[in-house]
>>> print(open('run_9.cif').read())   # mmCIF, C-alpha atoms
data_structure
loop_
_atom_site.label_atom_id
_atom_site.label_comp_id
_atom_site.auth_asym_id
_atom_site.auth_seq_id
_atom_site.Cartn_x
_atom_site.Cartn_y
_atom_site.Cartn_z
CA MET A 1 -2.08 12.10 -10.15
CA PRO A 2 1.65 12.12 -10.81
CA TYR A 3 1.78 8.37 -11.40
CA ASN A 4 1.42 6.63 -14.70
CA ILE A 5 -2.04 5.35 -15.30
CA ASP A 6 -0.84 3.58 -18.45
CA ALA A 7 0.54 0.82 -16.24
CA VAL A 8 -3.02 -0.11 -15.24
CA PHE A 9 -3.91 -0.77 -18.86
CA GLN A 10 -0.59 -2.53 -19.38
CA ILE A 11 -1.31 -4.96 -16.56
CA ALA A 12 -4.84 -5.62 -17.78
CA GLY A 13 -3.56 -6.09 -21.34
CA ILE A 14 -0.84 -8.49 -20.20
CA GLY A 15 -3.47 -10.45 -18.32
CA ILE A 16 -5.81 -10.72 -21.31
CA ILE A 17 -3.03 -11.55 -23.78
CA VAL A 18 -1.52 -14.17 -21.47
CA ALA A 19 -4.93 -15.74 -21.08
CA MET A 20 -5.30 -15.82 -24.89
CA ILE A 21 -1.86 -17.36 -25.43
CA HIS A 22 -2.54 -19.84 -22.67
CA THR A 23 -5.77 -20.96 -24.36
CA ILE A 24 -4.19 -21.18 -27.81
CA LEU A 25 -1.17 -23.16 -26.60
CA LYS A 26 -3.45 -25.45 -24.62
CA GLN A 27 -5.52 -26.21 -27.70
CA MET A 28 -2.35 -26.90 -29.63
CA GLY A 29 -1.56 -29.50 -27.02
CA LYS A 30 1.48 -27.73 -25.56
CA GLU A 31 0.38 -27.34 -21.98
CA ASP A 32 3.97 -27.12 -20.81
CA PHE A 33 4.59 -23.93 -22.80
CA ALA A 34 1.24 -22.57 -21.70
CA HIS A 35 2.18 -22.75 -18.05
CA TRP A 36 5.57 -21.15 -18.71
CA VAL A 37 3.87 -18.26 -20.54
CA THR A 38 1.54 -17.74 -17.61
CA LEU A 39 4.45 -17.80 -15.18
CA PHE A 40 6.43 -15.31 -17.27
CA GLY A 41 3.52 -12.89 -17.56
CA PHE A 42 2.96 -13.17 -13.83
CA GLY A 43 6.63 -12.41 -13.20
CA VAL A 44 6.53 -9.29 -15.36
CA VAL A 45 3.42 -7.93 -13.67
CA LEU A 46 4.74 -8.85 -10.24
CA PHE A 47 7.90 -6.87 -11.03
CA MET A 48 5.82 -3.80 -11.89
CA VAL A 49 3.81 -4.14 -8.68
CA ALA A 50 6.96 -4.72 -6.62
CA MET A 51 8.56 -1.54 -7.98
CA LEU A 52 5.45 0.41 -7.04
CA ILE A 53 5.40 -1.17 -3.58
CA GLN A 54 9.00 -0.07 -3.08
CA ASP A 55 7.96 3.43 -4.09
CA LEU A 56 5.08 3.26 -1.62
CA PHE A 57 7.30 2.18 1.26
CA THR A 58 9.83 4.92 0.51
CA THR A 59 7.05 7.50 0.44
CA ILE A 60 5.60 6.29 3.73
CA LYS A 61 9.02 6.37 5.34
CA ASN A 62 9.55 9.92 4.13
CA VAL A 63 6.11 11.17 5.13
CA PHE A 64 5.37 9.43 8.42
CA LEU A 65 8.51 7.83 9.79
CA PHE A 66 10.80 10.75 9.09
CA ARG A 67 14.45 10.61 10.19
CA MET A 68 14.58 6.88 9.55
CA MET B 1 -10.41 18.07 -8.96
CA GLU B 2 -8.32 15.09 -8.03
CA ILE B 3 -11.33 13.21 -6.71
CA LEU B 4 -12.64 12.87 -10.26
CA GLN B 5 -9.34 11.32 -11.32
CA VAL B 6 -9.37 8.88 -8.43
CA VAL B 7 -13.00 7.88 -9.04
CA GLY B 8 -12.40 7.51 -12.77
CA LEU B 9 -9.32 5.37 -12.14
CA GLY B 10 -11.32 3.23 -9.74
CA LEU B 11 -14.18 2.70 -12.19
CA ILE B 12 -11.87 1.87 -15.10
CA THR B 13 -9.92 -0.54 -12.93
CA THR B 14 -13.07 -2.24 -11.71
CA ILE B 15 -14.19 -2.87 -15.28
CA LEU B 16 -10.74 -4.14 -16.29
CA ILE B 17 -10.63 -6.44 -13.24
CA LEU B 18 -14.04 -7.85 -14.14
CA VAL B 19 -12.75 -8.60 -17.64
CA VAL B 20 -9.46 -10.16 -16.53
CA LYS B 21 -10.84 -12.10 -13.55
CA GLU B 22 -12.70 -14.48 -15.88
CA GLN B 23 -9.47 -15.88 -17.30
CA LYS B 24 -6.69 -15.15 -14.84
CA PRO B 25 -7.66 -14.21 -11.26
CA ILE B 26 -4.03 -13.61 -10.27
CA PHE B 27 -3.71 -10.70 -12.72
CA ALA B 28 -6.92 -9.23 -11.38
CA PHE B 29 -5.47 -9.33 -7.88
CA LEU B 30 -2.20 -7.71 -8.97
CA LEU B 31 -4.16 -5.04 -10.83
CA ALA B 32 -6.19 -4.27 -7.72
CA THR B 33 -3.00 -4.01 -5.64
CA PHE B 34 -1.39 -1.74 -8.23
CA VAL B 35 -4.32 0.65 -8.32
CA GLY B 36 -4.58 0.70 -4.55
CA ILE B 37 -0.94 1.71 -4.28
CA THR B 38 -1.35 4.31 -7.02
CA ILE B 39 -4.26 5.97 -5.24
CA PHE B 40 -2.38 5.90 -1.93
CA LEU B 41 0.70 7.47 -3.57
CA ALA B 42 -1.47 10.18 -5.11
CA LEU B 43 -2.78 10.99 -1.64
CA ALA B 44 0.57 10.78 0.15
CA GLY B 45 1.59 14.25 -1.06
CA LYS B 46 -1.51 15.82 0.45
CA ILE B 47 -0.96 13.99 3.74
CA ALA B 48 2.62 15.24 3.75
CA ASP B 49 1.39 18.85 3.42
CA VAL B 50 -0.94 18.44 6.38
CA ILE B 51 1.84 16.88 8.44
CA ARG B 52 4.22 19.75 7.65
CA ILE B 53 1.60 22.23 8.90
CA LEU B 54 1.14 20.17 12.08
CA GLU B 55 4.89 20.16 12.56
CA ASN B 56 5.05 23.95 12.25
CA LEU B 57 2.23 24.37 14.75
CA ALA B 58 3.93 22.00 17.19
CA THR B 59 7.21 23.89 16.86
CA GLN B 60 5.48 27.22 17.50
CA ALA B 61 3.65 25.84 20.52
CA HIS B 62 6.90 24.36 21.91
CA VAL B 63 5.46 20.86 22.08
CA ASN B 64 7.98 18.16 22.92
CA ASN B 65 9.21 16.74 19.63
CA LEU B 66 8.95 13.19 20.99
CA PHE B 67 5.16 13.35 21.09
CA LEU B 68 4.68 14.56 17.52
CA GLU B 69 7.17 12.09 16.12
CA THR B 70 5.56 9.19 17.95
CA ILE B 71 2.09 10.19 16.82
CA LEU B 72 3.21 10.49 13.19
CA LYS B 73 4.86 7.09 13.37
CA ILE B 74 1.70 5.60 14.84
CA ILE B 75 -0.39 7.10 12.04
CA GLY B 76 2.04 5.71 9.48
CA ILE B 77 1.93 2.25 11.03
CA ALA B 78 -1.86 2.36 11.06
CA TYR B 79 -2.05 3.34 7.38
CA ILE B 80 0.43 0.77 6.14
CA ALA B 81 -0.98 -2.04 8.30
CA GLU B 82 -4.49 -1.29 7.12
CA PHE B 83 -3.33 -1.24 3.51
CA GLY B 84 -1.49 -4.54 3.80
CA ALA B 85 -4.38 -6.18 5.60
CA GLN B 86 -6.85 -5.07 2.95
CA VAL B 87 -4.67 -6.27 0.08
CA THR B 88 -4.21 -9.62 1.81
CA ARG B 89 -7.90 -9.91 2.56
CA ASP B 90 -8.72 -9.17 -1.08
CA ALA B 91 -6.64 -12.19 -2.00
CA GLY B 92 -8.78 -14.29 0.30
CA GLN B 93 -6.24 -14.77 3.10
CA GLY B 94 -8.21 -13.45 6.03
CA SER B 95 -6.00 -15.12 8.63
CA ILE B 96 -2.82 -13.43 7.37
CA ALA B 97 -4.71 -10.14 7.29
CA SER B 98 -5.63 -10.64 10.94
CA LYS B 99 -1.98 -11.29 11.79
CA ILE B 100 -0.91 -8.10 9.99
CA GLU B 101 -3.47 -6.14 11.98
CA LEU B 102 -2.25 -7.78 15.19
CA ALA B 103 1.33 -6.80 14.35
CA GLY B 104 0.18 -3.24 13.69
CA LYS B 105 -1.57 -3.05 17.05
CA VAL B 106 1.40 -4.46 18.94
CA LEU B 107 3.86 -2.12 17.21
CA ILE B 108 1.62 0.87 17.93
CA MET B 109 1.54 -0.16 21.59
CA VAL B 110 5.34 -0.39 21.61
CA MET B 111 5.54 3.07 20.01
CA ALA B 112 3.26 4.51 22.66
CA ILE B 113 5.37 3.27 25.59
CA PRO B 114 7.67 6.37 25.76
CA ILE B 115 4.63 8.67 26.01
CA ILE B 116 3.07 6.48 28.69
CA THR B 117 6.37 6.51 30.57
CA VAL B 118 6.50 10.30 30.45
CA ILE B 119 2.93 10.56 31.71
CA ILE B 120 3.53 8.14 34.56
CA GLU B 121 6.76 9.90 35.54
CA THR B 122 4.90 13.23 35.60
CA ILE B 123 2.16 11.80 37.79
CA VAL B 124 4.67 10.25 40.15
CA SER B 125 6.55 13.55 40.47
CA ILE B 126 3.31 15.40 41.16
CA LEU B 127 2.24 12.98 43.88
CA PRO B 128 3.52 13.84 47.36
CA ALA B 129 6.17 11.43 48.50
#
>>> encode(input="run_9.cif", output="structure tokens")
Amino acid sequence: MPYNIDAVFQIAGIGIIVAMIHTILKQMGKEDFAHWVTLFGFGVVLFMVAMLIQDLFTTIKNVFLFRM
Amino acid sequence: MEILQVVGLGLITTILILVVKEQKPIFAFLLATFVGITIFLALAGKIADVIRILENLATQAHVNNLFLETILKIIGIAYIAEFGAQVTRDAGQGSIASKIELAGKVLIMVMAIPIITVIIETIVSILPA
């Protein structure tokens, strides 16, 4: 397994922490901030997944669709 | 024993997804996608080894390079289409998953056309005029 397994825990941790912040901000009555926090967390995680997807596509091109 | 690592990663991820899904389903989905890609990337090296051996065998047997290349491309299309369809279906979009599979089938058919052409040309040349 040459790939970093830490990222799995990072994504899960970001999810839990964003959910916590969302709940706290909602109870403080700042729903606007709560939605922005959720969107930001989603963007960060989506960036991590997108990087890995790029890696996946490069690998598949190298392995299967060689000379492309 | 890489299988133990893959199974352990899968179990840990399943538990984490169950925890996260309660609050934020979108993070659970991204986590599932991430782990799926990680497992696939861990396996890609092994698949590459097998393909190199196949390539060597084909070179020694003087097989036309067109056939091997086409078959490898078809296998790659099948893997990536299956992966994309499963990720999309996990997110609950069965119709998009069906379209991805349809695209995979059509592209595989397009890839297979040169081989079919060669076969038909061979048959036509064998037949008496």
>>> atom_distance(input="run_9.cif", atom1="atom CA of Ile26 of chain B", atom2="atom CA of Met20 of chain A")
14.8 Å
>>> interface_residues(input="run_9.cif", of="chain A", to="chain B", cutoff="8 Å", atoms="only C-alpha atoms", output="JSON, numbers by chain")
{"A": [1, 2, 3, 5, 8, 11, 12, 15, 16, 19, 42, 45, 46, 49, 52, 53, 56, 59, 60, 63, 64, 65]}
>>> axis_aligned_box(input="run_9.cif", around="segment 20-27 of chain B", padding_each_side="3 Å", output="AutoDock Vina command-line options")
--center_x -8.2 --center_y -13.0 --center_z -13.8 --size_x 15.0 --size_y 11.7 --size_z 13.0
>>> residues_around(input="run_9.cif", residues="segment 94-109 of chain B", least_positions_apart="3", cutoff="9 Å", atoms="only C-alpha atoms", output="NGL selection string")
:B and (73-75 or 77-78 or 80-82 or 84-91 or 112-113)
>>> atom_distance(input="run_9.cif", atom1="atom CA of Gln60 of chain B", atom2="atom CA of Ile123 of chain B")
25.7 Å
>>> closest_residue(input="run_9.cif", among="A:Ala7, A:Ile14, A:Met51, A:Ile21", to="Ala34 of chain A", atoms="all atoms listed in the file")
A:Ile21
>>> resolve_selection(input="run_9.cif", expression="the PyMOL selection byres ((chain A and resi 22) around 9)", output="PyMOL selection string")
chain A and resi 17-21+23-27+31+33-35+37-38
>>> atom_distance(input="run_9.cif", atom1="atom CA of Leu54 of chain B", atom2="atom CA of Ile120 of chain B")
25.6 Å
>>> build_atoms(input="run_9.cif", residues="segment 3-15 of chain A", atoms="N, CA, C and O atoms", output="compact mmCIF listing (two decimals), in the frame of the given file")
# COMPACT_ATOMS: atom_id res chain seq x y z
N TYR A 3 1.31 9.70 -11.02
CA TYR A 3 1.78 8.37 -11.40
C TYR A 3 1.14 7.90 -12.69
O TYR A 3 0.06 8.34 -13.04
N ASN A 4 1.85 7.01 -13.36
CA ASN A 4 1.42 6.63 -14.70
C ASN A 4 0.24 5.68 -14.65
O ASN A 4 0.30 4.58 -14.09
N ILE A 5 -0.83 6.16 -15.25
CA ILE A 5 -2.04 5.35 -15.30
C ILE A 5 -1.94 4.31 -16.42
O ILE A 5 -2.68 3.34 -16.44
N ASP A 6 -1.01 4.54 -17.36
CA ASP A 6 -0.84 3.58 -18.45
C ASP A 6 -0.54 2.18 -17.92
O ASP A 6 -0.95 1.18 -18.53
N ALA A 7 0.16 2.13 -16.78
CA ALA A 7 0.54 0.82 -16.24
C ALA A 7 -0.69 -0.02 -15.92
O ALA A 7 -0.63 -1.26 -16.02
N VAL A 8 -1.80 0.64 -15.53
CA VAL A 8 -3.02 -0.11 -15.24
C VAL A 8 -3.47 -0.86 -16.49
O VAL A 8 -3.77 -2.07 -16.45
N PHE A 9 -3.50 -0.12 -17.62
CA PHE A 9 -3.91 -0.77 -18.86
C PHE A 9 -2.90 -1.81 -19.31
O PHE A 9 -3.25 -2.82 -19.90
N GLN A 10 -1.61 -1.53 -19.02
CA GLN A 10 -0.59 -2.53 -19.38
C GLN A 10 -0.83 -3.84 -18.64
O GLN A 10 -0.78 -4.92 -19.24
N ILE A 11 -1.11 -3.73 -17.34
CA ILE A 11 -1.31 -4.96 -16.56
C ILE A 11 -2.54 -5.71 -17.06
O ILE A 11 -2.51 -6.93 -17.26
N ALA A 12 -3.63 -4.96 -17.28
CA ALA A 12 -4.84 -5.62 -17.78
C ALA A 12 -4.59 -6.25 -19.14
O ALA A 12 -5.01 -7.39 -19.41
N GLY A 13 -3.85 -5.54 -20.02
CA GLY A 13 -3.56 -6.09 -21.34
C GLY A 13 -2.69 -7.33 -21.25
O GLY A 13 -2.95 -8.33 -21.96
N ILE A 14 -1.69 -7.29 -20.38
CA ILE A 14 -0.84 -8.49 -20.20
C ILE A 14 -1.70 -9.65 -19.73
O ILE A 14 -1.56 -10.78 -20.23
N GLY A 15 -2.61 -9.38 -18.81
CA GLY A 15 -3.47 -10.45 -18.32
C GLY A 15 -4.31 -11.06 -19.42
O GLY A 15 -4.37 -12.29 -19.57
